[in-house]
Structure formats: C-alpha cells, structure tokens
Amino acid sequence: MIEYLKGTLADLTPALAVVDCNGVGYGVNISLNTFSSIQGKDVVKLWITESIREDAYQLWGFSTRVERELFLLLTSVSGIGAAMARMILSAMTPAELCSIISEGNDKMLKQVKGIGPKAAQRIIVDLHDKIATLGVDASATGGVNKLAPAVNVEVQNEAVSALTMLGFSPAPTHKVVQQILKDEPDAPVEKVIKLALKML
C-alpha cells in the first residue's frame with residue numbers, strides 16, 4: 001500500500017501529476033484543488049489512494065490528508081465512483097464541500113456535472129455525520145495558490161485538455177472555455193475549469 005509519494009514534480013496538468021521518486025515517474029490523478037496547491041512547486045508530497053481493477057491500476061493523489069479522506073468518503077457512497085469524486089473535489093474546496101454536506105445543501109451539489117437529486121441526497125445522508133470527524137477548517141484545506149496571468153491560448157488549451165480528461169466532449173468544452181476567457185481574459189486555468197464545470 002502506498003501512503004504518500006514525495007518527489008520531484010516532473011509534469012503537471014490540472015488532472016494529472018507525474019511525480020519522480022528516485023527515477024521512477026508515478027502518474028497520479030489529481031483534483032483541481034490539488035493542482036492549485038502544488039502548481040509551481042519543484043518538490044511535492046501527495047497523499048495517495050490506490051484504485052485496482054482487473055483492467056486498470058490507478059493512483060489518486062491529494063495535497064492534504066483531509067482531501068484524501070473526503071475522496072474516500074465520497075467513493076463509499078453508492079453510485080459515486082473515483083472520477084465523480086474527483087469532479088466534486090474539483091468543483092469546490094474541501095471546506096466548501098463539508099459546509100454543503102453539513103447544511104444539507106443539495107442544490108449546490110446538483111450543480112456538479114453528473115450529480116442528480118438522488119445522488120446529492122445520498123451524499124448528504126451518508127456523509128453528514130462522518131464529515132464532522134474530519135475537523136475541516138481553513139487551515140486544513142491547504143490554500144489555493146494564485147497563478148500568474150498566462151497567455152490565453154495556453155490557458156484555453158490546458159483547460160480544454162483537463163476537462164476532456166475529466167470526461168467532457170472536446171467540442172462543447174472548447175466553446176465554453178472560449179466564452180469564459182472572452183468574459184474574463186485574465187482568469188487562471190483553475191478558475192476557468194471551475195466555471196466550465198458549472199456550465200457544461
């Protein structure tokens with residue numbers, strides 16, 4: 001069992017980090033929150049959970065233990081797989097998610113692509129009592145780093161690539177990302193992706 005990986009950040013997209021540990025590169029699926037917190041760093045430490053199936057072996061990594069625990073809690077809910085859990089953790093911070101669940105705010109959960117009324121209610125009912133044990137506060141969420149303004153085309157390509165990896169079709173994704181960048185030309189890539197997740 002891999003508890004965490006600590007090494008050089010060899011490559012990074014909003015959906016995947018490659019961590020070089022003594023010459024071995026581990027491809028790790030990440031959320032947008034983790035992308036934001038490790039972006040620009042040379043050496044990173046990611047808390048890992050493994051997903052092993054007959055046809056695939058995947059690593060899911062998180063910049064904080066709290067986010068990993070939330071991921072594991074989400075995937076324990078019937079009908080919520082790893083990809084959907086990552087989608088939820090890309091659309092909101094761990095603190096926001098805990099607040100939404102504790103308040104029973106299914107409307108906010110339903111804004112996440114693929115989360116219907118029944119799934120939102122299951123998440124709230126199943127996890128309401130469990131999230132209290134996490135003790136999430138502002139210091140536990142590992143704040144978001146602000147990115148320096150980048151060239152629009154680079155932000156556009158990176159956002160479209162990340163959303164495609166999250167399971168969205170490239171053509172509509174491209175249109176939505178373009179519209180967002182027209183309205184907010186200086187928006188960093190993680191903001192573009194968060195906005196797109198609400199629009200797709």
# chains A, B, ... in the order shown; residues from 1 in each chain; ligands from 1
call {"tool": "residues_around", "arguments": {"residues": "region 85-88 of chain A", "least_positions_apart": "2", "cutoff": "8 Å", "atoms": "only C-alpha atoms", "output": "number ranges by chain"}}
result
A: 30-31, 71, 74-75, 80-83, 90-92, 109, 112-113, 166
call {"tool": "atom_distance", "arguments": {"atom1": "CA of Lys110 (chain A)", "atom2": "CA of Ser51 (chain A)"}}
result
25.5 Å
call {"tool": "select_by_dssp", "arguments": {"residues": "chain A", "states": "alpha helix (DSSP H)", "output": "PyMOL selection string"}}
result
chain A and resi 32-38+65-75+82-91+94-103+106-109+117-127+152-165+170-183+189-199
call {"tool": "decode", "arguments": {"residues": "region 92-120 of chain A", "atoms": "N, CA and C atoms", "output": "PDB file, in the first residue's frame"}}
result
ATOM      1  N   MET A  92     -15.321  22.269  -5.933  1.00  0.00           N
ATOM      2  CA  MET A  92     -15.375  23.004  -4.663  1.00  0.00           C
ATOM      3  C   MET A  92     -14.217  22.574  -3.761  1.00  0.00           C
ATOM      4  N   THR A  93     -13.879  23.416  -2.808  1.00  0.00           N
ATOM      5  CA  THR A  93     -12.798  23.100  -1.873  1.00  0.00           C
ATOM      6  C   THR A  93     -13.313  22.109  -0.826  1.00  0.00           C
ATOM      7  N   PRO A  94     -12.398  21.432  -0.122  1.00  0.00           N
ATOM      8  CA  PRO A  94     -12.837  20.539   0.951  1.00  0.00           C
ATOM      9  C   PRO A  94     -13.707  21.248   1.988  1.00  0.00           C
ATOM     10  N   ALA A  95     -13.331  22.490   2.338  1.00  0.00           N
ATOM     11  CA  ALA A  95     -14.116  23.237   3.329  1.00  0.00           C
ATOM     12  C   ALA A  95     -15.516  23.537   2.802  1.00  0.00           C
ATOM     13  N   GLU A  96     -15.601  23.912   1.531  1.00  0.00           N
ATOM     14  CA  GLU A  96     -16.906  24.189   0.928  1.00  0.00           C
ATOM     15  C   GLU A  96     -17.767  22.931   0.894  1.00  0.00           C
ATOM     16  N   LEU A  97     -17.156  21.800   0.520  1.00  0.00           N
ATOM     17  CA  LEU A  97     -17.887  20.544   0.441  1.00  0.00           C
ATOM     18  C   LEU A  97     -18.428  20.141   1.809  1.00  0.00           C
ATOM     19  N   CYS A  98     -17.595  20.249   2.833  1.00  0.00           N
ATOM     20  CA  CYS A  98     -18.031  19.894   4.191  1.00  0.00           C
ATOM     21  C   CYS A  98     -19.183  20.792   4.638  1.00  0.00           C
ATOM     22  N   SER A  99     -19.073  22.071   4.309  1.00  0.00           N
ATOM     23  CA  SER A  99     -20.132  23.011   4.665  1.00  0.00           C
ATOM     24  C   SER A  99     -21.440  22.666   3.961  1.00  0.00           C
ATOM     25  N   ILE A 100     -21.346  22.336   2.679  1.00  0.00           N
ATOM     26  CA  ILE A 100     -22.527  21.981   1.884  1.00  0.00           C
ATOM     27  C   ILE A 100     -23.204  20.729   2.442  1.00  0.00           C
ATOM     28  N   ILE A 101     -22.394  19.724   2.793  1.00  0.00           N
ATOM     29  CA  ILE A 101     -22.956  18.474   3.321  1.00  0.00           C
ATOM     30  C   ILE A 101     -23.578  18.705   4.696  1.00  0.00           C
ATOM     31  N   SER A 102     -22.884  19.434   5.565  1.00  0.00           N
ATOM     32  CA  SER A 102     -23.398  19.649   6.922  1.00  0.00           C
ATOM     33  C   SER A 102     -24.670  20.480   6.922  1.00  0.00           C
ATOM     34  N   GLU A 103     -24.799  21.374   5.925  1.00  0.00           N
ATOM     35  CA  GLU A 103     -26.002  22.201   5.825  1.00  0.00           C
ATOM     36  C   GLU A 103     -27.114  21.521   5.027  1.00  0.00           C
ATOM     37  N   GLY A 104     -26.804  20.373   4.423  1.00  0.00           N
ATOM     38  CA  GLY A 104     -27.798  19.672   3.616  1.00  0.00           C
ATOM     39  C   GLY A 104     -28.159  20.419   2.345  1.00  0.00           C
ATOM     40  N   ASN A 105     -27.184  21.131   1.792  1.00  0.00           N
ATOM     41  CA  ASN A 105     -27.421  21.978   0.615  1.00  0.00           C
ATOM     42  C   ASN A 105     -27.298  21.162  -0.675  1.00  0.00           C
ATOM     43  N   ASP A 106     -28.365  20.414  -0.997  1.00  0.00           N
ATOM     44  CA  ASP A 106     -28.302  19.572  -2.185  1.00  0.00           C
ATOM     45  C   ASP A 106     -28.304  20.384  -3.477  1.00  0.00           C
ATOM     46  N   LYS A 107     -28.785  21.614  -3.429  1.00  0.00           N
ATOM     47  CA  LYS A 107     -28.784  22.462  -4.635  1.00  0.00           C
ATOM     48  C   LYS A 107     -27.364  22.714  -5.128  1.00  0.00           C
ATOM     49  N   MET A 108     -26.446  22.975  -4.206  1.00  0.00           N
ATOM     50  CA  MET A 108     -25.050  23.213  -4.589  1.00  0.00           C
ATOM     51  C   MET A 108     -24.422  21.946  -5.144  1.00  0.00           C
ATOM     52  N   LEU A 109     -24.725  20.801  -4.547  1.00  0.00           N
ATOM     53  CA  LEU A 109     -24.172  19.529  -5.032  1.00  0.00           C
ATOM     54  C   LEU A 109     -24.679  19.217  -6.435  1.00  0.00           C
ATOM     55  N   LYS A 110     -25.924  19.550  -6.706  1.00  0.00           N
ATOM     56  CA  LYS A 110     -26.515  19.250  -8.009  1.00  0.00           C
ATOM     57  C   LYS A 110     -25.929  20.107  -9.125  1.00  0.00           C
ATOM     58  N   GLN A 111     -25.173  21.155  -8.758  1.00  0.00           N
ATOM     59  CA  GLN A 111     -24.517  21.972  -9.778  1.00  0.00           C
ATOM     60  C   GLN A 111     -23.324  21.248 -10.396  1.00  0.00           C
ATOM     61  N   VAL A 112     -22.844  20.213  -9.723  1.00  0.00           N
ATOM     62  CA  VAL A 112     -21.721  19.438 -10.250  1.00  0.00           C
ATOM     63  C   VAL A 112     -22.236  18.513 -11.353  1.00  0.00           C
ATOM     64  N   LYS A 113     -21.546  18.520 -12.485  1.00  0.00           N
ATOM     65  CA  LYS A 113     -21.940  17.700 -13.635  1.00  0.00           C
ATOM     66  C   LYS A 113     -22.069  16.235 -13.242  1.00  0.00           C
ATOM     67  N   GLY A 114     -23.229  15.649 -13.528  1.00  0.00           N
ATOM     68  CA  GLY A 114     -23.431  14.232 -13.252  1.00  0.00           C
ATOM     69  C   GLY A 114     -24.065  13.926 -11.914  1.00  0.00           C
ATOM     70  N   ILE A 115     -24.223  14.931 -11.054  1.00  0.00           N
ATOM     71  CA  ILE A 115     -24.857  14.722  -9.752  1.00  0.00           C
ATOM     72  C   ILE A 115     -26.331  15.112  -9.842  1.00  0.00           C
ATOM     73  N   GLY A 116     -27.193  14.109  -9.764  1.00  0.00           N
ATOM     74  CA  GLY A 116     -28.627  14.361  -9.799  1.00  0.00           C
ATOM     75  C   GLY A 116     -29.189  14.489  -8.394  1.00  0.00           C
ATOM     76  N   PRO A 117     -30.498  14.703  -8.281  1.00  0.00           N
ATOM     77  CA  PRO A 117     -31.126  14.871  -6.957  1.00  0.00           C
ATOM     78  C   PRO A 117     -30.902  13.692  -6.017  1.00  0.00           C
ATOM     79  N   LYS A 118     -31.033  12.464  -6.551  1.00  0.00           N
ATOM     80  CA  LYS A 118     -30.876  11.279  -5.699  1.00  0.00           C
ATOM     81  C   LYS A 118     -29.447  11.131  -5.200  1.00  0.00           C
ATOM     82  N   ALA A 119     -28.472  11.353  -6.108  1.00  0.00           N
ATOM     83  CA  ALA A 119     -27.060  11.239  -5.709  1.00  0.00           C
ATOM     84  C   ALA A 119     -26.706  12.305  -4.678  1.00  0.00           C
ATOM     85  N   ALA A 120     -27.212  13.510  -4.873  1.00  0.00           N
ATOM     86  CA  ALA A 120     -26.943  14.596  -3.925  1.00  0.00           C
ATOM     87  C   ALA A 120     -27.490  14.252  -2.542  1.00  0.00           C
TER      88      ALA A 120
END
